[in-house]
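J.: Here you go, entry22.cif (mmCIF, C-alpha atoms):
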data_target
loop_
_atom_site.label_atom_id
_atom_site.label_comp_id
_atom_site.auth_asym_id
_atom_site.auth_seq_id
_atom_site.Cartn_x
_atom_site.Cartn_y
_atom_site.Cartn_z
CA MET A 1 62.06 200.60 101.78
CA LEU A 2 60.84 201.81 98.36
CA GLN A 3 60.80 205.39 97.16
CA ARG A 4 59.08 206.45 93.96
CA HIS A 5 60.72 209.24 91.97
CA SER A 6 59.01 212.03 90.08
CA ILE A 7 60.57 211.22 86.70
CA HIS A 8 58.10 210.22 84.00
CA LEU A 9 59.20 209.02 80.55
CA ARG A 10 56.20 209.40 78.28
CA PRO A 11 55.87 208.46 74.60
CA ASP A 12 56.65 211.34 72.26
CA PRO A 13 54.88 211.25 68.85
CA ALA A 14 57.31 213.89 67.56
CA ARG A 15 60.14 211.35 67.49
CA VAL A 16 60.15 209.87 63.98
CA VAL A 17 62.24 207.82 61.62
CA VAL A 18 61.82 207.35 57.87
CA ARG A 19 60.96 203.82 56.79
CA PRO A 20 60.21 202.13 53.46
CA PHE A 21 56.71 202.78 52.16
CA ARG A 22 55.21 200.14 49.91
CA PRO A 23 52.09 200.56 47.79
CA ALA A 24 49.38 197.98 48.40
CA VAL A 25 50.68 195.77 45.59
CA GLU A 26 54.48 195.74 45.70
CA PRO A 27 56.26 195.93 42.33
CA ARG A 28 56.36 192.62 40.43
CA ASP A 29 54.83 190.67 43.31
CA LEU A 30 51.89 189.42 41.26
CA ASN A 31 52.66 190.03 37.59
CA PRO A 32 56.23 190.76 36.48
CA ILE A 33 55.10 191.88 33.03
CA ASP A 34 52.48 194.52 33.70
CA ARG A 35 53.45 197.92 34.95
CA THR A 36 52.59 198.25 38.63
CA ARG A 37 51.66 201.14 40.89
CA ALA A 38 55.33 201.74 41.64
CA ASN A 39 56.11 202.13 37.96
CA HIS A 40 53.16 204.47 37.55
CA ILE A 41 54.66 206.64 40.32
CA VAL A 42 58.07 206.63 38.63
CA ALA A 43 56.50 207.56 35.29
CA ARG A 44 54.75 210.54 36.85
CA ILE A 45 58.00 211.74 38.43
CA LEU A 46 59.88 211.42 35.13
CA ALA A 47 57.14 213.40 33.40
CA MET A 48 57.75 216.42 35.63
CA ASP A 49 59.68 219.22 33.99
CA SER A 50 62.91 220.37 35.64
CA GLU A 51 61.36 223.42 37.25
CA ALA A 52 58.48 221.46 38.81
CA ALA A 53 60.85 218.76 40.08
CA THR A 54 63.13 221.39 41.61
CA ARG A 55 60.21 223.07 43.37
CA LYS A 56 58.97 219.74 44.69
CA MET A 57 62.38 218.84 46.09
CA ALA A 58 62.78 222.28 47.66
CA GLY A 59 59.47 221.75 49.45
CA LEU A 60 60.57 218.34 50.73
CA VAL A 61 63.86 219.74 51.98
CA GLU A 62 62.11 222.60 53.75
CA GLY A 63 59.57 220.30 55.36
CA PHE A 64 61.71 217.33 56.36
CA ILE A 65 65.46 217.97 56.40
CA GLY A 66 65.34 219.37 59.94
CA ARG A 67 63.72 216.15 61.15
CA HIS A 68 66.27 213.61 59.85
CA ARG A 69 70.00 213.21 59.40
CA GLU A 70 71.28 212.88 55.82
CA LEU A 71 67.79 213.03 54.33
CA LEU A 72 68.87 213.33 50.69
CA GLN A 73 71.20 210.35 51.04
CA ILE A 74 68.28 208.37 52.51
CA PHE A 75 66.16 209.29 49.48
CA GLU A 76 68.88 208.09 47.10
CA ALA A 77 69.45 204.86 49.01
CA ARG A 78 65.74 204.04 48.91
CA ALA A 79 65.63 204.59 45.15
CA ALA A 80 68.55 202.18 44.78
CA GLU A 81 66.71 199.57 46.90
CA MET A 82 63.68 199.82 44.62
CA GLU A 83 65.56 199.73 41.32
CA SER A 84 65.12 196.00 40.69
CA ALA A 85 61.35 196.41 40.98
CA PHE A 86 61.09 199.12 38.33
CA ALA A 87 60.44 198.54 34.63
CA PRO A 88 63.23 199.70 32.28
CA HIS A 89 63.45 203.50 32.34
CA PRO A 90 65.78 206.27 31.21
CA PRO A 91 68.69 206.91 33.60
CA PHE A 92 67.59 209.02 36.58
CA THR A 93 69.17 212.38 37.14
CA LYS A 94 70.29 212.92 40.73
CA LEU A 95 67.21 215.04 41.37
CA GLN A 96 64.89 212.40 39.90
CA ARG A 97 66.56 209.66 41.96
CA GLN A 98 66.02 211.65 45.15
CA LEU A 99 62.38 212.28 44.28
CA VAL A 100 61.79 208.61 43.48
CA GLY A 101 63.25 207.59 46.85
CA ALA A 102 61.11 210.14 48.69
CA TYR A 103 57.91 208.70 47.20
CA PHE A 104 58.73 205.26 48.62
CA LEU A 105 59.40 206.38 52.19
CA HIS A 106 57.19 207.48 55.06
CA GLU A 107 57.73 208.91 58.51
CA TYR A 108 57.04 206.49 61.36
CA SER A 109 56.42 207.69 64.90
CA PHE A 110 57.99 204.74 66.68
CA GLU A 111 56.91 205.65 70.21
CA ALA A 112 53.59 207.34 69.48
CA ALA A 113 51.55 204.85 71.51
CA ALA A 114 53.78 203.70 74.39
CA LEU A 115 57.24 203.80 75.98
CA PHE A 116 57.44 201.10 78.60
CA ASN A 117 58.94 197.88 80.03
CA PRO A 118 62.39 199.35 80.77
CA SER A 119 65.62 197.65 81.79
CA ILE A 120 68.82 199.27 82.99
CA VAL A 121 72.58 198.57 82.85
CA LEU A 122 75.72 200.54 83.62
CA HIS A 123 77.00 202.67 80.75
CA PRO A 124 80.24 201.27 79.26
CA ASP A 125 81.67 204.81 79.41
CA GLN A 126 81.69 206.30 82.92
CA THR A 127 83.80 209.33 81.92
CA ASP A 128 81.13 211.92 82.70
CA ALA A 129 79.60 210.17 85.70
CA PRO A 130 78.90 212.39 88.72
CA GLU A 131 81.47 212.05 91.50
CA GLY A 132 80.38 209.14 93.65
CA GLY A 133 77.70 208.23 91.11
CA GLN A 134 77.32 206.26 87.88
CA ARG A 135 76.00 206.61 84.36
CA PHE A 136 73.51 204.12 82.99
CA ILE A 137 71.72 203.14 79.82
CA LEU A 138 67.99 202.56 79.91
CA SER A 139 66.38 200.38 77.26
CA LEU A 140 62.68 200.82 76.51
CA ARG A 141 60.03 199.13 74.41
CA ALA A 142 58.56 201.72 72.05
CA VAL A 143 55.23 201.10 70.31
CA GLY A 144 54.03 202.96 67.25
CA GLU A 145 51.56 202.68 64.38
CA GLY A 146 50.25 199.16 63.87
CA HIS A 147 51.26 198.24 67.43
CA ILE A 148 54.78 197.37 66.24
CA SER A 149 57.37 197.31 69.01
CA SER A 150 60.95 198.46 68.61
CA LEU A 151 63.87 199.01 70.98
CA THR A 152 65.08 202.45 71.96
CA PHE A 153 67.33 203.93 74.64
CA ARG A 154 67.92 206.77 77.08
CA VAL A 155 71.05 207.74 79.01
CA GLY A 156 70.97 208.82 82.64
CA SER A 157 72.99 209.11 85.83
CA ILE A 158 72.72 208.39 89.54
CA ASP A 159 74.23 210.83 92.02
CA PRO A 160 75.73 209.89 95.42
CA LYS A 161 72.40 210.57 97.15
CA TYR A 162 70.49 208.38 94.67
CA GLY A 163 69.06 211.26 92.71
CA LEU A 164 68.30 210.33 89.12
CA VAL A 165 68.76 212.43 85.99
CA ILE A 166 67.61 211.31 82.53
CA GLU A 167 69.25 213.15 79.66
CA SER A 168 66.97 214.61 77.03
CA ALA A 169 66.46 212.42 73.99
CA ALA A 170 68.51 213.32 70.94
CA ARG A 171 66.99 215.65 68.36
CA PHE A 172 67.10 212.98 65.66
CA ALA A 173 66.16 209.31 65.67
CA SER A 174 68.26 206.89 63.63
CA MET A 175 67.85 203.42 62.17
CA PRO A 176 70.87 201.10 61.88
CA ARG A 177 72.25 199.62 58.70
CA VAL A 178 72.41 195.86 58.31
CA ARG A 179 76.08 194.96 58.12
CA ASN A 180 75.65 191.22 57.76
CA ARG A 181 72.77 188.78 57.47
CA MET A 182 73.33 185.04 57.93
CA PRO A 183 70.24 183.00 56.97
CA SER A 184 69.67 179.65 58.65
CA ALA A 185 66.88 177.11 59.01
CA SER A 186 66.23 178.29 62.57
CA GLY A 187 66.12 181.99 61.64
CA ASP A 188 68.40 184.75 60.44
CA VAL A 189 71.35 185.98 62.46
CA VAL A 190 71.72 189.71 61.78
CA GLU A 191 74.50 192.15 62.56
CA ILE A 192 73.53 195.80 62.59
CA GLU A 193 75.42 199.01 63.32
CA PHE A 194 74.80 202.70 63.80
CA ASN A 195 77.00 205.55 62.62
CA SER A 196 79.72 206.73 64.98
CA TYR A 197 77.96 210.08 65.39
CA ASP A 198 74.60 208.54 66.35
CA GLN A 199 73.91 209.15 70.01
CA ILE A 200 72.58 206.22 72.04
CA SER A 201 69.32 208.03 72.69
CA GLU A 202 68.63 208.42 68.96
CA GLN A 203 69.04 204.72 68.18
CA VAL A 204 65.94 202.77 67.17
CA ILE A 205 66.30 199.02 66.64
CA PHE A 206 63.30 198.20 64.49
CA PRO A 207 62.38 194.63 63.45
CA VAL A 208 64.76 193.40 60.75
CA THR A 209 63.84 189.71 60.36
CA GLU A 210 60.63 187.84 59.58
CA SER A 211 60.41 186.44 63.12
CA GLN A 212 60.49 190.02 64.50
CA SER A 213 58.24 191.57 61.87
CA ASN A 214 55.56 192.64 64.35
CA GLY A 215 57.82 193.50 67.20
CA ILE A 216 60.98 193.33 69.30
CA GLU A 217 59.47 193.18 72.77
CA ASP A 218 60.59 193.43 76.40
CA ALA A 219 64.39 193.36 76.17
CA ARG A 220 66.00 192.27 79.44
CA PHE A 221 69.53 193.71 79.37
CA VAL A 222 72.37 192.46 81.53
CA GLN A 223 76.06 193.29 81.77
CA PHE A 224 77.74 189.90 81.51
CA ASP A 225 81.17 189.14 82.94
CA ASP A 226 82.72 186.60 80.57
CA GLU A 227 86.01 185.77 82.30
CA GLY A 228 86.90 189.45 82.73
CA ARG A 229 85.46 190.65 79.41
CA LYS A 230 82.37 192.83 79.77
CA LEU A 231 79.60 192.19 77.28
CA TYR A 232 75.99 193.27 77.20
CA TYR A 233 73.27 190.77 76.38
CA ALA A 234 69.53 191.21 76.10
CA THR A 235 66.96 188.47 75.80
CA TYR A 236 63.80 189.67 74.06
CA THR A 237 60.60 188.36 72.52
CA ALA A 238 60.39 188.29 68.73
CA TYR A 239 56.81 188.45 67.43
CA ASN A 240 55.75 187.98 63.81
CA GLY A 241 52.01 188.58 64.27
CA ARG A 242 51.25 184.90 64.82
CA ALA A 243 53.99 183.34 66.93
CA ILE A 244 56.56 184.34 69.53
CA ARG A 245 60.03 183.12 70.31
CA SER A 246 62.97 184.22 72.44
CA GLU A 247 66.00 185.81 70.78
CA LEU A 248 69.31 187.23 71.95
CA LEU A 249 70.95 190.62 71.35
CA GLU A 250 74.65 191.12 71.98
CA THR A 251 76.74 194.31 72.05
CA SER A 252 79.96 195.55 73.60
CA ASP A 253 79.63 199.24 72.79
CA PHE A 254 75.94 200.09 72.10
CA MET A 255 76.88 200.99 68.54
CA SER A 256 76.93 197.59 66.82
CA TYR A 257 74.65 194.70 67.68
CA ARG A 258 74.19 191.03 66.84
CA LEU A 259 70.66 189.58 66.94
CA SER A 260 70.20 185.82 66.85
CA PRO A 261 67.51 183.24 67.64
CA LEU A 262 67.61 181.15 70.81
CA LEU A 263 67.14 177.47 70.16
CA GLY A 264 65.83 174.52 72.15
CA LEU A 265 62.71 173.68 74.14
CA GLY A 266 63.79 176.01 76.92
CA ALA A 267 63.52 179.03 74.59
CA ARG A 268 60.06 178.39 73.19
CA ASN A 269 58.31 180.89 75.49
CA LYS A 270 58.92 184.52 76.37
CA GLY A 271 60.41 186.12 79.46
CA MET A 272 63.95 184.68 79.54
CA ALA A 273 66.59 186.46 81.64
CA LEU A 274 70.30 185.64 81.69
CA PHE A 275 72.37 185.54 84.88
CA PRO A 276 75.21 188.12 84.77
CA ARG A 277 77.92 185.45 84.98
CA ARG A 278 78.37 181.70 84.64
CA ILE A 279 77.23 179.52 87.53
CA ASN A 280 79.66 176.65 88.19
CA GLY A 281 81.06 177.09 84.69
CA ARG A 282 77.72 177.09 82.85
CA PHE A 283 75.40 179.76 81.50
CA ALA A 284 72.21 180.07 83.53
CA MET A 285 68.84 181.50 82.58
CA ILE A 286 65.61 182.29 84.40
CA ALA A 287 62.76 181.32 82.08
CA ARG A 288 59.03 180.76 81.79
CA GLN A 289 58.48 177.48 80.01
CA ASP A 290 54.77 177.36 80.78
CA ASN A 291 52.39 180.21 81.49
CA GLU A 292 52.45 179.92 85.28
CA ASN A 293 55.80 179.19 86.86
CA ILE A 294 59.43 180.31 86.93
CA TYR A 295 62.12 177.90 85.72
CA LEU A 296 65.89 177.68 86.02
CA VAL A 297 67.76 176.48 82.92
CA TYR A 298 71.46 175.75 82.39
CA SER A 299 73.39 175.51 79.13
CA ASP A 300 76.94 175.21 77.81
CA ASN A 301 75.84 177.07 74.67
CA LEU A 302 74.52 180.60 74.98
CA ASN A 303 72.22 180.14 71.98
CA SER A 304 70.70 176.77 72.85
CA TRP A 305 68.56 175.99 75.89
CA ASP A 306 66.89 172.73 76.87
CA GLU A 307 64.09 172.37 79.37
CA GLY A 308 64.80 173.33 82.96
CA SER A 309 63.12 172.80 86.30
CA ALA A 310 60.49 174.89 88.03
CA ILE A 311 61.87 176.70 91.06
CA LEU A 312 58.98 179.07 91.84
CA THR A 313 55.22 178.60 91.58
CA PRO A 314 52.35 180.99 92.42
CA GLN A 315 51.96 181.02 96.19
CA PHE A 316 50.34 184.25 97.39
CA PRO A 317 47.02 185.84 96.33
CA TRP A 318 48.65 188.68 94.38
CA GLU A 319 50.28 186.09 92.08
CA PHE A 320 47.68 183.31 91.89
CA VAL A 321 47.23 183.63 88.11
CA GLN A 322 50.93 183.46 87.12
CA ILE A 323 54.42 184.61 87.93
CA GLY A 324 57.40 185.52 85.75
CA ASN A 325 60.76 187.22 86.04
CA CYS A 326 61.30 190.96 85.90
CA GLY A 327 64.81 190.95 84.53
CA SER A 328 68.14 189.28 85.13
CA PRO A 329 69.08 188.29 88.69
CA ILE A 330 71.10 190.90 90.58
CA GLU A 331 74.07 189.63 92.57
CA LEU A 332 74.14 190.62 96.24
CA ASP A 333 76.37 189.42 99.08
CA GLU A 334 73.40 187.47 100.42
CA GLY A 335 72.48 185.73 97.16
CA TRP A 336 70.78 186.40 93.82
CA LEU A 337 68.01 188.99 93.98
CA LEU A 338 65.33 188.03 91.49
CA LEU A 339 62.59 190.55 90.79
CA ILE A 340 59.38 188.84 89.72
CA HIS A 341 55.95 189.89 88.51
CA GLY A 342 52.76 188.36 89.75
CA VAL A 343 49.28 188.50 88.25
CA GLY A 344 46.34 188.51 90.64
CA ALA A 345 42.62 189.20 90.64
CA VAL A 346 41.27 191.43 87.83
CA ARG A 347 44.59 190.75 86.04
CA LYS A 348 46.46 193.16 88.28
CA TYR A 349 50.24 193.03 87.78
CA SER A 350 52.55 193.69 90.74
CA ILE A 351 56.30 193.36 91.30
CA GLY A 352 57.79 191.19 94.03
CA ALA A 353 61.21 189.88 95.05
CA VAL A 354 62.90 186.54 95.74
CA LEU A 355 66.36 185.69 97.10
CA LEU A 356 68.12 182.70 95.52
CA ASP A 357 71.21 180.87 96.75
CA LYS A 358 74.36 182.14 95.07
CA GLU A 359 75.88 178.74 94.28
CA VAL A 360 72.65 176.75 93.88
CA PRO A 361 70.11 179.21 92.43
CA SER A 362 67.36 176.59 92.46
CA LYS A 363 67.37 176.97 96.24
CA VAL A 364 64.99 179.73 97.37
CA LEU A 365 66.29 181.48 100.49
CA ALA A 366 63.53 184.06 100.95
CA ARG A 367 60.47 185.50 99.21
CA MET A 368 58.21 188.49 99.72
CA ARG A 369 54.70 187.58 100.79
CA GLU A 370 53.34 190.97 99.60
CA PRO A 371 54.31 192.95 96.49
CA LEU A 372 57.29 195.25 96.55
CA LEU A 373 55.53 197.53 94.06
CA ARG A 374 51.89 197.55 93.02
CA PRO A 375 49.92 200.07 90.93
CA GLU A 376 48.97 203.21 92.83
CA LEU A 377 45.70 204.96 92.05
CA SER A 378 47.61 207.33 89.75
CA GLU A 379 49.21 204.36 87.94
CA ARG A 380 46.12 202.34 87.07
CA GLU A 381 45.12 204.06 83.84
CA GLY A 382 46.65 203.34 80.46
CA TYR A 383 46.65 201.03 77.47
CA VAL A 384 46.57 198.00 79.82
CA PRO A 385 45.14 199.12 83.19
CA ASN A 386 46.40 197.98 86.60
CA VAL A 387 49.92 197.02 85.56
CA VAL A 388 53.38 197.82 86.89
CA TYR A 389 56.21 195.94 85.20
CA THR A 390 59.96 196.06 84.77
CA CYS A 391 62.53 194.24 82.64
CA GLY A 392 65.37 194.74 85.08
CA GLY A 393 66.91 196.78 87.89
CA LEU A 394 70.46 197.87 88.76
CA ARG A 395 72.39 197.78 92.02
CA HIS A 396 74.04 201.04 93.06
CA LYS A 397 75.74 200.81 96.45
CA ASP A 398 73.02 199.89 98.97
CA GLN A 399 70.10 200.63 96.65
CA ILE A 400 68.35 198.98 93.72
CA ILE A 401 67.52 201.43 90.94
CA LEU A 402 64.20 200.18 89.58
CA PRO A 403 62.74 201.59 86.37
CA TYR A 404 59.22 200.35 85.81
CA ALA A 405 56.36 200.69 83.36
CA VAL A 406 52.88 201.95 84.17
CA SER A 407 49.91 200.30 82.47
CA ASP A 408 51.89 199.52 79.30
CA THR A 409 52.01 203.22 78.51
CA PHE A 410 54.89 205.14 80.13
CA SER A 411 57.79 204.59 82.53
CA LYS A 412 58.79 205.76 86.02
CA PHE A 413 61.52 205.06 88.58
CA ALA A 414 61.83 203.86 92.14
CA THR A 415 64.77 203.13 94.44
CA VAL A 416 64.78 200.27 96.93
CA ASN A 417 66.96 199.93 100.05
CA ILE A 418 68.65 196.53 99.85
CA VAL A 419 68.93 195.90 103.59
CA GLU A 420 65.27 196.70 104.16
CA LEU A 421 64.28 194.61 101.13
CA ILE A 422 66.10 191.53 102.44
CA GLN A 423 64.57 192.02 105.87
CA ALA A 424 61.11 192.14 104.28
CA MET A 425 61.80 188.94 102.35
CA MET A 426 62.93 187.13 105.51
CA ARG A 427 59.74 187.82 107.45
#
As structure tokens, please, write out the structure in this file.

T.:
Amino acid sequence: MLQRHSIHLRPDPARVVVRPFRPAVEPRDLNPIDRTRANHIVARILAMDSEAATRKMAGLVEGFIGRHRELLQIFEARAAEMESAFAPHPPFTKLQRQLVGAYFLHEYSFEAAALFNPSIVLHPDQTDAPEGGQRFILSLRAVGEGHISSLTFRVGSIDPKYGLVIESAARFASMPRVRNRMPSASGDVVEIEFNSYDQISEQVIFPVTESQSNGIEDARFVQFDDEGRKLYYATYTAYNGRAIRSELLETSDFMSYRLSPLLGLGARNKGMALFPRRINGRFAMIARQDNENIYLVYSDNLNSWDEGSAILTPQFPWEFVQIGNCGSPIELDEGWLLLIHGVGAVRKYSIGAVLLDKEVPSKVLARMREPLLRPELSEREGYVPNVVYTCGGLRHKDQIILPYAVSDTFSKFATVNIVELIQAMMR
């Protein structure tokens, strides 16, 4: 019924982006009159003679330009961002401006610690798909220094015999620019975009709002059919170091994205997953409104969710502690396939499956008594031992393509035969 594949996606510390670096006391934060550390740095740069400044910049170019796109432009943009924090100074030369920007940036290895909790959707461009196969986009939670989570991607393909190929990650990693920010009492709505030449696998969506400041976690992507228009949504957990909340990402092309908060009592916890189409004219969401059970929630507004009703509770020993969804429901002829996780003894996480009625998803048609996927001996070690977890699978013909994370550290793949899976649920 289930076949594990040999592909392993492991975190790569060599993948880096450049991010703002701030001295311990940011300019003018405490005393707008006194010169701060930032101004001391600027003064030292301006005191360099032309030859020393040129040598310093040549060393920076030699050491870093092969690691980042448009490095000098990034230096200049960072200097412009900092300008309001600097004391009055003589006009910078272009070289001085680039040096100033460089001193207020640092490299960040965004997946140095972990690359896990994947979800998968069909690629919007199937031009280069293998004959009889499909291309897909894999989203992954990347964790770097400070245990900050960001969102990154890989591109892959499925061949007619269910072989999987993951394309190598791009040489560079890129951060988006913020195109629009709309503040509100409930949290900022932010529109971001990447350059047209940025490959999907080099995109890194790093926290951009206060609610996300410590992480964008566990994105559950789904291709949504909105009356014939194909959109991609992802529900994810925003974490600010103290509190969590559910938020929504929207894209049509995996180049520009809109990130917005989800409102209402139904969105106060993590682990929300959107159905891929409306049910009886309404949006529907699988959610976890407490820390034990799985709920079904309906809404006429994609960004606002009231409380729903519990449709699944822990029933079998492998899930006695709690259950939750493992991604958006997958539509089959027989009903909605819902992948779930269960937590058992010694906090062991396993993946199971449930079949819901297609018209009345609160009606449970079948449920696996034993896990579909549990940690093997080789999958028990990692940052969080004894965990297998996924944020969503994909149907391809008579198989479910199931990317999954191992012990909150790296990611693997399995394929599941749908007919055999349904038979196992019906027992």

J.: Given the PyMOL selection byres ((chain A and resi 245) around 8) and the file above, list the residues it selects as a PyMOL selection string.

T.: chain A and resi 211+237-239+243-244+246-247+261-262+267-270

J.: Expand the PyMOL selection byres ((chain A and resi 293-306) around 7) into the individual residues it matches in the shown file, reporting them as a list in words.

T.: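 Selected by the PyMOL selection byres ((chain A and resi 293-306) around 7) here: Leu262, Leu263, Gly264, Leu265, Gly266, Ala267, Arg282, Phe283, Ala284, Met285, Ile286, Ala287, Arg288, Gln289, Asp290, Asn291, Glu292, Glu307, Gly308, Ser309, Ala310, Ile311, Leu312, Thr313, Pro314, Gln322, Ile323, Gly324 and Ser362 of chain A.
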
J.: Just the selected residues (C-alpha atoms), exported as a PDB file, in the coordinates of the input, please.

T.:
ATOM      1  CA  LEU A 262      67.610 181.150  70.810  1.00  0.00           C
ATOM      2  CA  LEU A 263      67.140 177.470  70.160  1.00  0.00           C
ATOM      3  CA  GLY A 264      65.830 174.520  72.150  1.00  0.00           C
ATOM      4  CA  LEU A 265      62.710 173.680  74.140  1.00  0.00           C
ATOM      5  CA  GLY A 266      63.790 176.010  76.920  1.00  0.00           C
ATOM      6  CA  ALA A 267      63.520 179.030  74.590  1.00  0.00           C
ATOM      7  CA  ARG A 282      77.720 177.090  82.850  1.00  0.00           C
ATOM      8  CA  PHE A 283      75.400 179.760  81.500  1.00  0.00           C
ATOM      9  CA  ALA A 284      72.210 180.070  83.530  1.00  0.00           C
ATOM     10  CA  MET A 285      68.840 181.500  82.580  1.00  0.00           C
ATOM     11  CA  ILE A 286      65.610 182.290  84.400  1.00  0.00           C
ATOM     12  CA  ALA A 287      62.760 181.320  82.080  1.00  0.00           C
ATOM     13  CA  ARG A 288      59.030 180.760  81.790  1.00  0.00           C
ATOM     14  CA  GLN A 289      58.480 177.480  80.010  1.00  0.00           C
ATOM     15  CA  ASP A 290      54.770 177.360  80.780  1.00  0.00           C
ATOM     16  CA  ASN A 291      52.390 180.210  81.490  1.00  0.00           C
ATOM     17  CA  GLU A 292      52.450 179.920  85.280  1.00  0.00           C
ATOM     18  CA  GLU A 307      64.090 172.370  79.370  1.00  0.00           C
ATOM     19  CA  GLY A 308      64.800 173.330  82.960  1.00  0.00           C
ATOM     20  CA  SER A 309      63.120 172.800  86.300  1.00  0.00           C
ATOM     21  CA  ALA A 310      60.490 174.890  88.030  1.00  0.00           C
ATOM     22  CA  ILE A 311      61.870 176.700  91.060  1.00  0.00           C
ATOM     23  CA  LEU A 312      58.980 179.070  91.840  1.00  0.00           C
ATOM     24  CA  THR A 313      55.220 178.600  91.580  1.00  0.00           C
ATOM     25  CA  PRO A 314      52.350 180.990  92.420  1.00  0.00           C
ATOM     26  CA  GLN A 322      50.930 183.460  87.120  1.00  0.00           C
ATOM     27  CA  ILE A 323      54.420 184.610  87.930  1.00  0.00           C
ATOM     28  CA  GLY A 324      57.400 185.520  85.750  1.00  0.00           C
ATOM     29  CA  SER A 362      67.360 176.590  92.460  1.00  0.00           C
TER      30      SER A 362
END

J.: On this structure, the PyMOL selection byres ((chain A and resi 385) around 10) would catch which residues? List them as a ChimeraX atom specification, sorted by chain and number.

T.: /A:346-349,375,379-384,386-388,406-409

J.: Would you mind reading off the distance between CA of Gly101 (chain A) and CA of Met182 (chain A), one decimal, in Å?

T.: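 Taking CA of Gly101 (chain A) and CA of Met182 (chain A), their separation equals 27.1 Å.
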
J.: Work out how far CA of Glu70 (chain A) is from CA of Met175 (chain A), in Å to one decimal.

T.: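 Spanning CA of Met175 (chain A) to CA of Glu70 (chain A) is a straight-line distance of 11.9 Å.
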
J.: Name the closest residue to Glu145 (chain A) among the candidates A:Val190, A:Ala273, A:Val16, A:Val61; distances are taken between atoms, counting only C-alpha atoms.

T.: A:Val16

J.: Measure the distance from CA of Ala87 (chain A) to CA of Thr36 (chain A) in Å and round it to one decimal.

T.: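 So the answer is 8.8 Å.
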
J.: Compile the contact shell of Glu202 (chain A) as a PyMOL selection string: residues with an atom at most 7 Å away, counting only C-alpha atoms, same-chain residues fewer than 6 positions apart removed.

T.: chain A and resi 169-170+172-174

J.: The centre and edge lengths of an axis-aligned box containing all atoms of region 409-427 of chain A present in the file, extended by 6 Å on each side, are to be given in Å to one decimal, as AutoDock Vina command-line options.

T.:
--center_x 60.5 --center_y 196.4 --center_z 93.0 --size_x 28.9 --size_y 30.6 --size_z 40.9

J.: Compute the distance from (68.5, 211.5, 97.8) to each atom, counting only C-alpha atoms, keep the residues with any atom at most 12 Å away, and return them as a CSV table (one decimal) with C-alpha atoms, keeping the file's coordinate frame; use the coordinates of the file.

T.:
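So point.csv came out as:
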chain,number,residue,atom,x,y,z
A,3,GLN,CA,60.8,205.4,97.2
A,4,ARG,CA,59.1,206.4,94.0
A,5,HIS,CA,60.7,209.2,92.0
A,133,GLY,CA,77.7,208.2,91.1
A,158,ILE,CA,72.7,208.4,89.5
A,159,ASP,CA,74.2,210.8,92.0
A,160,PRO,CA,75.7,209.9,95.4
A,161,LYS,CA,72.4,210.6,97.2
A,162,TYR,CA,70.5,208.4,94.7
A,163,GLY,CA,69.1,211.3,92.7
A,164,LEU,CA,68.3,210.3,89.1
A,165,VAL,CA,68.8,212.4,86.0
A,399,GLN,CA,70.1,200.6,96.6
A,414,ALA,CA,61.8,203.9,92.1
A,415,THR,CA,64.8,203.1,94.4
A,416,VAL,CA,64.8,200.3,96.9
A,417,ASN,CA,67.0,199.9,100.0

J.: So, counting only C-alpha atoms, which residue among A:Ile216, A:Pro23, A:Phe153, A:Leu259 is closest to Asp188 (chain A)?

T.: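 Using only C-alpha atoms, the shortest distance to Asp188 (chain A) belongs to A:Leu259.
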
J.: Which one of A:Gln98, A:Asn240, A:Thr209, A:Gln315 sits closest to Lys56 (chain A) if you count all atoms listed in the file?

T.: A:Gln98

J.: Would you mind telling me which residue in A:Gly144, A:Gly352, A:Val343, A:Cys391 lies nearest to Thr235 (chain A) when using all atoms listed in the file?

T.: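 Once distances to Thr235 (chain A) are computed over all atoms listed in the file, the minimum belongs to A:Cys391.
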
J.: When you look at Leu60 (chain A) with a cut-off of 10 Å (counting all atoms listed in the file), what residues show up, excluding the ones that are within fewer than 6 positions of it in the same chain? I need them as an NGL selection string.

T.: :A and (54 or 71-72 or 99 or 102)

J.: Excluding same-chain residues fewer than 3 positions from Gly156 (chain A), what lies within 10 Å of it counting all atoms listed in the file, as a list in words?

T.: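 What passes the distance filter is Ile120, Leu122, His123, Ala129, Gln134, Arg135, Phe136, Ile137, Leu138, Leu164, Val165, Ile166, Glu167 and Ser168 of chain A.
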
J.: Could you check the closest approach to Phe75 (chain A) for each of A:Ala345, A:Ala47, A:Leu337, A:Leu105 and tell me which residue wins, using all atoms listed in the file?

T.: A:Leu105

J.: Counting all atoms listed in the file, which of A:Lys363, A:Arg229, A:Arg44, A:Arg258 gets nearest to Val189 (chain A)?

T.: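 Ranked by minimum distance to Val189 (chain A), first place goes to A:Arg258.
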
J.: Could you name the residues that touch Ser109 (chain A) at 9 Å or less, counting all atoms listed in the file, but leaving out those on the same chain fewer than 4 positions away, as a PDB file with C-alpha atoms, in the frame of the given file?

T.:
ATOM      1  CA  ASP A  12      56.650 211.340  72.260  1.00  0.00           C
ATOM      2  CA  PRO A  13      54.880 211.250  68.850  1.00  0.00           C
ATOM      3  CA  ALA A  14      57.310 213.890  67.560  1.00  0.00           C
ATOM      4  CA  ARG A  15      60.140 211.350  67.490  1.00  0.00           C
ATOM      5  CA  VAL A  16      60.150 209.870  63.980  1.00  0.00           C
ATOM      6  CA  VAL A  17      62.240 207.820  61.620  1.00  0.00           C
ATOM      7  CA  VAL A  18      61.820 207.350  57.870  1.00  0.00           C
ATOM      8  CA  ALA A 113      51.550 204.850  71.510  1.00  0.00           C
ATOM      9  CA  VAL A 143      55.230 201.100  70.310  1.00  0.00           C
ATOM     10  CA  GLY A 144      54.030 202.960  67.250  1.00  0.00           C
ATOM     11  CA  GLU A 145      51.560 202.680  64.380  1.00  0.00           C
TER      12      GLU A 145
END
